[in-house]
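Below: one structure, written as structure tokens.
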Amino acid sequence: MSKTSPGNCFEDFRIGQVIRHATPRTVTTGDVALYNGLFGSRFAVQSSDEFARAIGYPRAPVDDLLVFHIIFGKTVPDVSLNAVANLGYAGCYFRKPVFPGDTLSALSEVIGLKENSSRKTGIVYVRTTGYKQDGSAVLEYVRWVMVRKRDEAAPAPGYHVPRLPTVLDPKVLGEACPPIDVVDYDTAASGAVHRFDDYAVGERIDHVDGMTVEEAEHQIATRLYQNTARVHFNQYVEGKGRFGRRLIYGGHVISLARALSFNGLANAFHVAAINGGRHVAPLFAGRTVFAWSQVLAKSELPGRTDVGALRLRTVATGDRPCDDFPLKAGDDYDPAVLLDLDYWVLMPR
Amino acid sequence: MSKTSPGNCFEDFRIGQVIRHATPRTVTTGDVALYNGLFGSRFAVQSSDEFARAIGYPRAPVDDLLVFHIIFGKTVPDVSLNAVANLGYAGCYFRKPVFPGDTLSALSEVIGLKENSSRKTGIVYVRTTGYKQDGSAVLEYVRWVMVRKRDEAAPAPGYHVPRLPTVLDPKVLGEACPPIDVVDYDTAASGAVHRFDDYAVGERIDHVDGMTVEEAEHQIATRLYQNTARVHFNQYVEGKGRFGRRLIYGGHVISLARALSFNGLANAFHVAAINGGRHVAPLFAGRTVFAWSQVLAKSELPGRTDVGALRLRTVATGDRPCDDFPLKAGDDYDPAVLLDLDYWVLMPR
Amino acid sequence: MSKTSPGNCFEDFRIGQVIRHATPRTVTTGDVALYNGLFGSRFAVQSSDEFARAIGYPRAPVDDLLVFHIIFGKTVPDVSLNAVANLGYAGCYFRKPVFPGDTLSALSEVIGLKENSSRKTGIVYVRTTGYKQDGSAVLEYVRWVMVRKRDEAAPAPGYHVPRLPTVLDPKVLGEACPPIDVVDYDTAASGAVHRFDDYAVGERIDHVDGMTVEEAEHQIATRLYQNTARVHFNQYVEGKGRFGRRLIYGGHVISLARALSFNGLANAFHVAAINGGRHVAPLFAGRTVFAWSQVLAKSELPGRTDVGALRLRTVATGDRPCDDFPLKAGDDYDPAVLLDLDYWVLMPR
């Protein structure tokens, strides 16, 4: 019996299959510090226990994206070790704040399968839920990946393409956000005066700054999440591959873009949901990441007057400032674009 | 209304203006661990809760320079985002020890303004105070920077050049140091037997070791302090600039020199004050930092017999061992010198 | 009196000499997070407070190798600052689990001395013990190093070659492992179903994955342990030396190999002892580390039915996948081999 895990191939999955992922992980202030050192995030709610308490949290919550990366990392050995491509996310929303000391674990259900016409690969859809120690869900999302078959001749293990939401319903956006005391939300401390009502649909914001990525940085980040995807760490193999270099985990670009977005969105204190995202091009070490955002929509939250939701498109680029909001070049993306992310953030009103 | 902060230009400042800086920050043992990993500091008081308790602290305090860097970082977006040069520090002293769990915030008062004759820039003097959650001051310093004008034709916003101390008075040096039980100060554990009385004015110490700096290291450190100064992170822009490289935060050199100084000053357990400092030359990744120190003066602390203060000059160099104490070459600094720092440390008697 | 420590030369040691090492160190969840970010370890017991509690620990213990590195680091200034070569380890075993909040310190006894025939160097054998704040031992090991003499003409300071165990007796292997509740040991959460009984003596496991090492990573790790050995940090000096590069701390390879070994040994939750190890070749930044293991022996633990011990040989290589288990090339090691480690791990039964 082989002791090492070869990961699952397309024909190993079944519709309805439930996978409990290793390894449970207690999140600590140490993880938070390292995440801060890697991305330089400055959102006041996650940075200060005092600020967080003043507005209604019991203490500073863990950055939403750090929670996402940790849950995502757990699914890699079971879902995407043999992936050819990460195709998309949908229906990602945060259901409960996570605090240092909480222990996170993850479970996925296979909700769709579709063999490709080549019969060499197939698409696997999983709904992953992250839990904390008391069994409550902290995060939920659907992800689909193209996975290799072990044996081209193997019959397809099933066929179902799930219907997925293109945008999260505002009614779920407040789940991980306690009632906020907006009077005590101190905009001098948070770094900007602009609240929910100050943003207009269609408004575009250049986040100005750029951040150059080093190999050590993305490796440390991705290991912190216990994400074992081989392309991020193995120069010996990747050096002989298509790009000749290690590929940086796509979530690294998301975290960089989020940290850069502080300049212009300082009061967007909570990522409530990710509607979808596209990793348009891979990022490599040595490149400098820039970002800009557009307000796609605004929404009140049912029954709440404390916070409102902005639906944002945030675009990250490599070695390309964003003062002219680069996005498309004809029908294709501008070649500098790395990430096109569609998500909801909460802001105090 | 623009959502991104352009920073303040010279004509935006006013004498007496008070600026509350974002983002408050809860310091944790995670920050301490990362700081240790980046600099390798070995001073026993900051390293061991047991050692600290034995001599009179409630637990290990946070490294003084980490506190300085965090407070300094907060001022960057408001004070020096448009700075042409950091000109100096004065009157920096620590007023209260900081412990993991404390939340730090910062406030600056503009105490001086002086337009340069070119009318393109001016010098801004600010007195910055760092606070903890109970409102008590932990750190205070004056800094002056040369800041760009937005409009050369704009009138100077005021004129005043403050008188600044060249050296801190010994009477303030003990503020952040509790009464120390010198009998229980264990010199086997602290790494050296030499106490206050063993040092002589004029004595010079080569700290022997050298530490090479990597891009990932200074970026992680500077982001940990939430310092957003652009020159440290953006190779795309800096690659086209004067040096063709990212500039390393000057405070990185200070922390490296302090960590190296353990070899020769192991019982200098507390940086009580910084009289002034000059960043003589910029540091770039790939260079190896060395350091040496000279005892400029010694002072008792009024009313205290437990600790004494050494006034030190610590000089850091790049790619240049310090066995011959390099400093000047004619009227100028030796070209290898990076930092010339004048500060007070406390030692047990 | 010189204030800097020149380290001990061969003639400074005496048989029976006891050295208390600086600097005591409180281990925190911050250290754990940084260690995780650097190595990406995934063993469930060290990762999750909940998992650890379910099987009988009060909370997640600190990774055994992190404890080893911290204790080892403390001995460097006194034992090996003037070392020409690290020759070996023996009799290393863990005596008590370490938890965040514990303060570690180290003490060494000189148990052997042997001058080399050149009279330029000698071999020093020390037995080092790591302690926590209550005085209890957490770790013990013997190490021998070749140390320079200050003066070739100096008489040898003694002669004794201690007898050392080649393999630890199973009766000491359980000391740092509380009674384990094997029913509640959840193999879905731990990442593999294979327990003690599933492994056979002679079985070989390729750990598959490779990890490329960056300069920033090994420097951060080695500083985290407060290990000051100069060859790891000083490119200015090492650039002129035999290899033209910084040498990576040998313990870095051990930690990488241990983290890689999760893939195949996921339930080997505790390194109980290190029988011996050989750093066959130095590792440099930019190389990719791979590893494979062989089960050398299996042993029950006297009086315990909860866990059993596997004696493993783990071999790490540089830029060389391990699917064919590289070890020897004729009488010599395969040139790709970096590490040949012989140790005991515990597994649930």
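Every chain in the structure tokens has a letter given in the order shown (A, B, ...), and although residue numbers restart at 1 in each chain, ligands are simply numbered from 1 in the order shown.
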
- How would you write, as a PyMOL selection string, the set of residues in segment 133-299 of chain A that DSSP gives as helix (DSSP H, G or I)? chain A and resi 170-172+182-184+187-190+196-198+215-224+230-232+235-238+250-260+262-265

- Query: Contacts of Tyr343 of chain B at 12 Å or less, counting only C-alpha atoms, minus same-chain residues fewer than 6 places along, as number ranges by chain?
  - Reply: B: 65, 89-94, 166-170, 173, 254, 258, 268, 270-278, 293-298, 309-315

- Query: Using only C-alpha atoms, which residues sit within 12 Å of Thr4 of chain A once same-chain residues fewer than 5 positions away are excluded, as a ChimeraX atom specification?
  - Reply: /A:77 /C:191-194,204-209,260-267,292-293,323

- Choose the residue, out of B:Val161, B:Ala188, B:Val172, B:Leu87, that has the smallest atom-to-atom separation from Ala44 of chain B; count only C-alpha atoms. B:Ala188

Give me, as CSV, each residue of chain B that comes within 10 Å of chain A, together with its shortest interatomic pair and the distance in Å at one decimal, counting only C-alpha atoms, with rows ordered by chain and rising residue number.
residue,atom,partner,partner_atom,distance
B:Met1,CA,A:Asp198,CA,8.6
B:Ser2,CA,A:Gly264,CA,8.0
B:Lys3,CA,A:Gly264,CA,4.5
B:Thr4,CA,A:Gly264,CA,4.2
B:Ser5,CA,A:Asn263,CA,6.6
B:Pro6,CA,A:Val208,CA,9.3
B:Ile19,CA,A:Ala188,CA,8.9
B:Arg20,CA,A:Ala188,CA,6.3
B:His21,CA,A:Ala189,CA,6.3
B:Ala22,CA,A:Ala189,CA,4.3
B:Thr23,CA,A:Ala189,CA,5.4
B:Pro24,CA,A:Ser48,CA,5.5
B:Arg25,CA,A:Ser48,CA,4.6
B:Thr26,CA,A:Ser48,CA,4.8
B:Val27,CA,A:Ser48,CA,8.5
B:Thr28,CA,A:Thr29,CA,6.5
B:Thr29,CA,A:Gly30,CA,6.7
B:Gly30,CA,A:Gly30,CA,3.7
B:Asp31,CA,A:Ala33,CA,5.2
B:Val32,CA,A:Ala33,CA,8.7
B:Ala33,CA,A:Gly30,CA,7.6
B:Leu34,CA,A:Leu34,CA,6.8
B:Tyr35,CA,A:Gly37,CA,9.7
B:Lys74,CA,A:Arg42,CA,9.8
B:Pro77,CA,A:Gly191,CA,9.2
B:Asp78,CA,A:Gly191,CA,9.8
B:Gly101,CA,A:Asp49,CA,8.5
B:Asp102,CA,A:Asp49,CA,8.9
B:Thr103,CA,A:Ser48,CA,6.4
B:Leu104,CA,A:Ser48,CA,8.4
B:Ser105,CA,A:Ala189,CA,8.2
B:Ala106,CA,A:Ala189,CA,9.3
B:Gln133,CA,A:Glu50,CA,7.2
B:Glu214,CA,A:Ala216,CA,9.6
B:Glu215,CA,A:Glu214,CA,7.3
B:Ala216,CA,A:Glu214,CA,5.8
B:Glu217,CA,A:Glu217,CA,8.7
B:His218,CA,A:Gly37,CA,9.9
B:Gln219,CA,A:Gly37,CA,7.9
B:Ile220,CA,A:Gly37,CA,4.6
B:Ala221,CA,A:Gly37,CA,6.3
B:Thr222,CA,A:Gly37,CA,7.5
B:Arg223,CA,A:Gly40,CA,4.3
B:Leu224,CA,A:Gly37,CA,4.1
B:Tyr225,CA,A:Gly40,CA,7.8
B:Gln226,CA,A:Gly40,CA,5.4
B:Asn227,CA,A:Gly40,CA,7.9
B:Thr228,CA,A:Gly40,CA,8.0
B:Ala229,CA,A:Asp209,CA,9.4
B:Arg230,CA,A:Asp209,CA,6.9
B:Val231,CA,A:Gly210,CA,9.8
B:His232,CA,A:Met211,CA,8.9
B:Phe233,CA,A:Met211,CA,5.2
B:Asn234,CA,A:Met211,CA,5.1
B:Gln235,CA,A:Thr212,CA,5.9
B:Tyr236,CA,A:Thr288,CA,5.9
B:Val237,CA,A:Gly210,CA,8.3
B:Arg246,CA,A:Thr212,CA,9.5

Output C-alpha atoms for every residue in the selection just made, as a PDB file, in the first residue's frame.
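Dumped everything to selection.pdb:
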ATOM      1  CA  MET B   1     -13.899  63.749  -4.143  1.00  0.00           C
ATOM      2  CA  SER B   2     -10.750  61.698  -4.612  1.00  0.00           C
ATOM      3  CA  LYS B   3     -10.719  58.651  -2.422  1.00  0.00           C
ATOM      4  CA  THR B   4      -6.976  58.075  -2.434  1.00  0.00           C
ATOM      5  CA  SER B   5      -4.696  60.057  -0.215  1.00  0.00           C
ATOM      6  CA  PRO B   6      -2.148  62.155  -2.094  1.00  0.00           C
ATOM      7  CA  ILE B  19      -2.498  65.143  13.061  1.00  0.00           C
ATOM      8  CA  ARG B  20      -4.011  61.921  14.400  1.00  0.00           C
ATOM      9  CA  HIS B  21      -2.552  59.109  12.367  1.00  0.00           C
ATOM     10  CA  ALA B  22      -4.161  55.873  11.179  1.00  0.00           C
ATOM     11  CA  THR B  23      -3.984  52.830  11.824  1.00  0.00           C
ATOM     12  CA  PRO B  24      -4.084  51.768  15.478  1.00  0.00           C
ATOM     13  CA  ARG B  25      -2.212  48.533  15.969  1.00  0.00           C
ATOM     14  CA  THR B  26      -2.324  45.834  18.608  1.00  0.00           C
ATOM     15  CA  VAL B  27       1.206  44.512  19.072  1.00  0.00           C
ATOM     16  CA  THR B  28       1.394  40.760  19.624  1.00  0.00           C
ATOM     17  CA  THR B  29       3.905  38.025  20.310  1.00  0.00           C
ATOM     18  CA  GLY B  30       3.545  37.339  16.594  1.00  0.00           C
ATOM     19  CA  ASP B  31       5.057  40.726  15.779  1.00  0.00           C
ATOM     20  CA  VAL B  32       7.819  40.015  18.269  1.00  0.00           C
ATOM     21  CA  ALA B  33       8.591  36.638  16.686  1.00  0.00           C
ATOM     22  CA  LEU B  34       8.770  38.087  13.209  1.00  0.00           C
ATOM     23  CA  TYR B  35      10.968  40.929  14.404  1.00  0.00           C
ATOM     24  CA  LYS B  74       1.926  55.455  11.129  1.00  0.00           C
ATOM     25  CA  PRO B  77       1.088  58.668   4.997  1.00  0.00           C
ATOM     26  CA  ASP B  78       0.478  62.076   6.607  1.00  0.00           C
ATOM     27  CA  GLY B 101      -1.461  43.032  23.767  1.00  0.00           C
ATOM     28  CA  ASP B 102      -0.972  46.790  23.934  1.00  0.00           C
ATOM     29  CA  THR B 103      -2.538  48.813  21.129  1.00  0.00           C
ATOM     30  CA  LEU B 104      -0.395  51.608  19.735  1.00  0.00           C
ATOM     31  CA  SER B 105      -1.481  54.780  17.998  1.00  0.00           C
ATOM     32  CA  ALA B 106       0.298  57.981  17.019  1.00  0.00           C
ATOM     33  CA  GLN B 133      -4.723  52.145  24.678  1.00  0.00           C
ATOM     34  CA  GLU B 214      17.667  40.450   1.306  1.00  0.00           C
ATOM     35  CA  GLU B 215      14.826  42.263  -0.479  1.00  0.00           C
ATOM     36  CA  ALA B 216      12.215  39.980   1.071  1.00  0.00           C
ATOM     37  CA  GLU B 217      13.537  40.718   4.555  1.00  0.00           C
ATOM     38  CA  HIS B 218      13.362  44.498   4.491  1.00  0.00           C
ATOM     39  CA  GLN B 219      10.009  44.441   2.711  1.00  0.00           C
ATOM     40  CA  ILE B 220       8.514  42.099   5.318  1.00  0.00           C
ATOM     41  CA  ALA B 221       9.925  44.237   8.142  1.00  0.00           C
ATOM     42  CA  THR B 222       8.710  47.518   6.734  1.00  0.00           C
ATOM     43  CA  ARG B 223       5.243  46.162   5.976  1.00  0.00           C
ATOM     44  CA  LEU B 224       5.098  44.742   9.503  1.00  0.00           C
ATOM     45  CA  TYR B 225       5.349  48.355  10.695  1.00  0.00           C
ATOM     46  CA  GLN B 226       2.596  49.308   8.195  1.00  0.00           C
ATOM     47  CA  ASN B 227       5.070  51.833   6.769  1.00  0.00           C
ATOM     48  CA  THR B 228       3.884  52.605   3.267  1.00  0.00           C
ATOM     49  CA  ALA B 229       6.757  54.730   1.933  1.00  0.00           C
ATOM     50  CA  ARG B 230       6.814  53.843  -1.730  1.00  0.00           C
ATOM     51  CA  VAL B 231      10.549  53.697  -2.314  1.00  0.00           C
ATOM     52  CA  HIS B 232      10.842  50.498  -0.244  1.00  0.00           C
ATOM     53  CA  PHE B 233       8.456  48.295  -2.197  1.00  0.00           C
ATOM     54  CA  ASN B 234       8.141  49.281  -5.822  1.00  0.00           C
ATOM     55  CA  GLN B 235      10.899  47.966  -8.055  1.00  0.00           C
ATOM     56  CA  TYR B 236       8.952  48.965 -11.173  1.00  0.00           C
ATOM     57  CA  VAL B 237       9.228  52.638 -10.253  1.00  0.00           C
ATOM     58  CA  ARG B 246      14.442  49.772  -3.930  1.00  0.00           C
TER      59      ARG B 246
END

- strand (DSSP E or B) call set, DSSP backbone run, segment 172-237 of chain B, as a list in words: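 Everything in segment 172-237 of chain B that counts as strand (DSSP E or B) is Arg204, Ile205, Asp206, Met211 and Thr212 of chain B.
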
- Message: Between C:Leu339, C:Ala176, C:Ala85, C:Leu346, which residue has the minimum interatomic distance to His252 of chain C, considering only C-alpha atoms?
- Response: C:Leu339

Contacts of Tyr333 of chain C within 12 Å, only C-alpha atoms, excl. fewer than 6 positions in-chain, as a PDB file with C-alpha atoms, in the first residue's frame:
ATOM      1  CA  ARG C 278      25.316  13.356   8.838  1.00  0.00           C
ATOM      2  CA  HIS C 279      25.311  16.581   6.855  1.00  0.00           C
ATOM      3  CA  VAL C 280      26.826  14.982   3.782  1.00  0.00           C
ATOM      4  CA  ALA C 281      27.035  18.159   1.713  1.00  0.00           C
ATOM      5  CA  VAL C 315      17.736  11.160   3.179  1.00  0.00           C
ATOM      6  CA  ALA C 316      17.519  14.663   1.715  1.00  0.00           C
ATOM      7  CA  THR C 317      18.919  15.602  -1.667  1.00  0.00           C
ATOM      8  CA  PHE C 325      15.919   6.456  -3.403  1.00  0.00           C
ATOM      9  CA  PRO C 326      19.408   7.898  -4.053  1.00  0.00           C
ATOM     10  CA  LEU C 327      21.948   7.194  -1.314  1.00  0.00           C
ATOM     11  CA  LEU C 339      21.543  14.745   4.736  1.00  0.00           C
ATOM     12  CA  ASP C 340      21.441  11.223   6.092  1.00  0.00           C
TER      13      ASP C 340
END
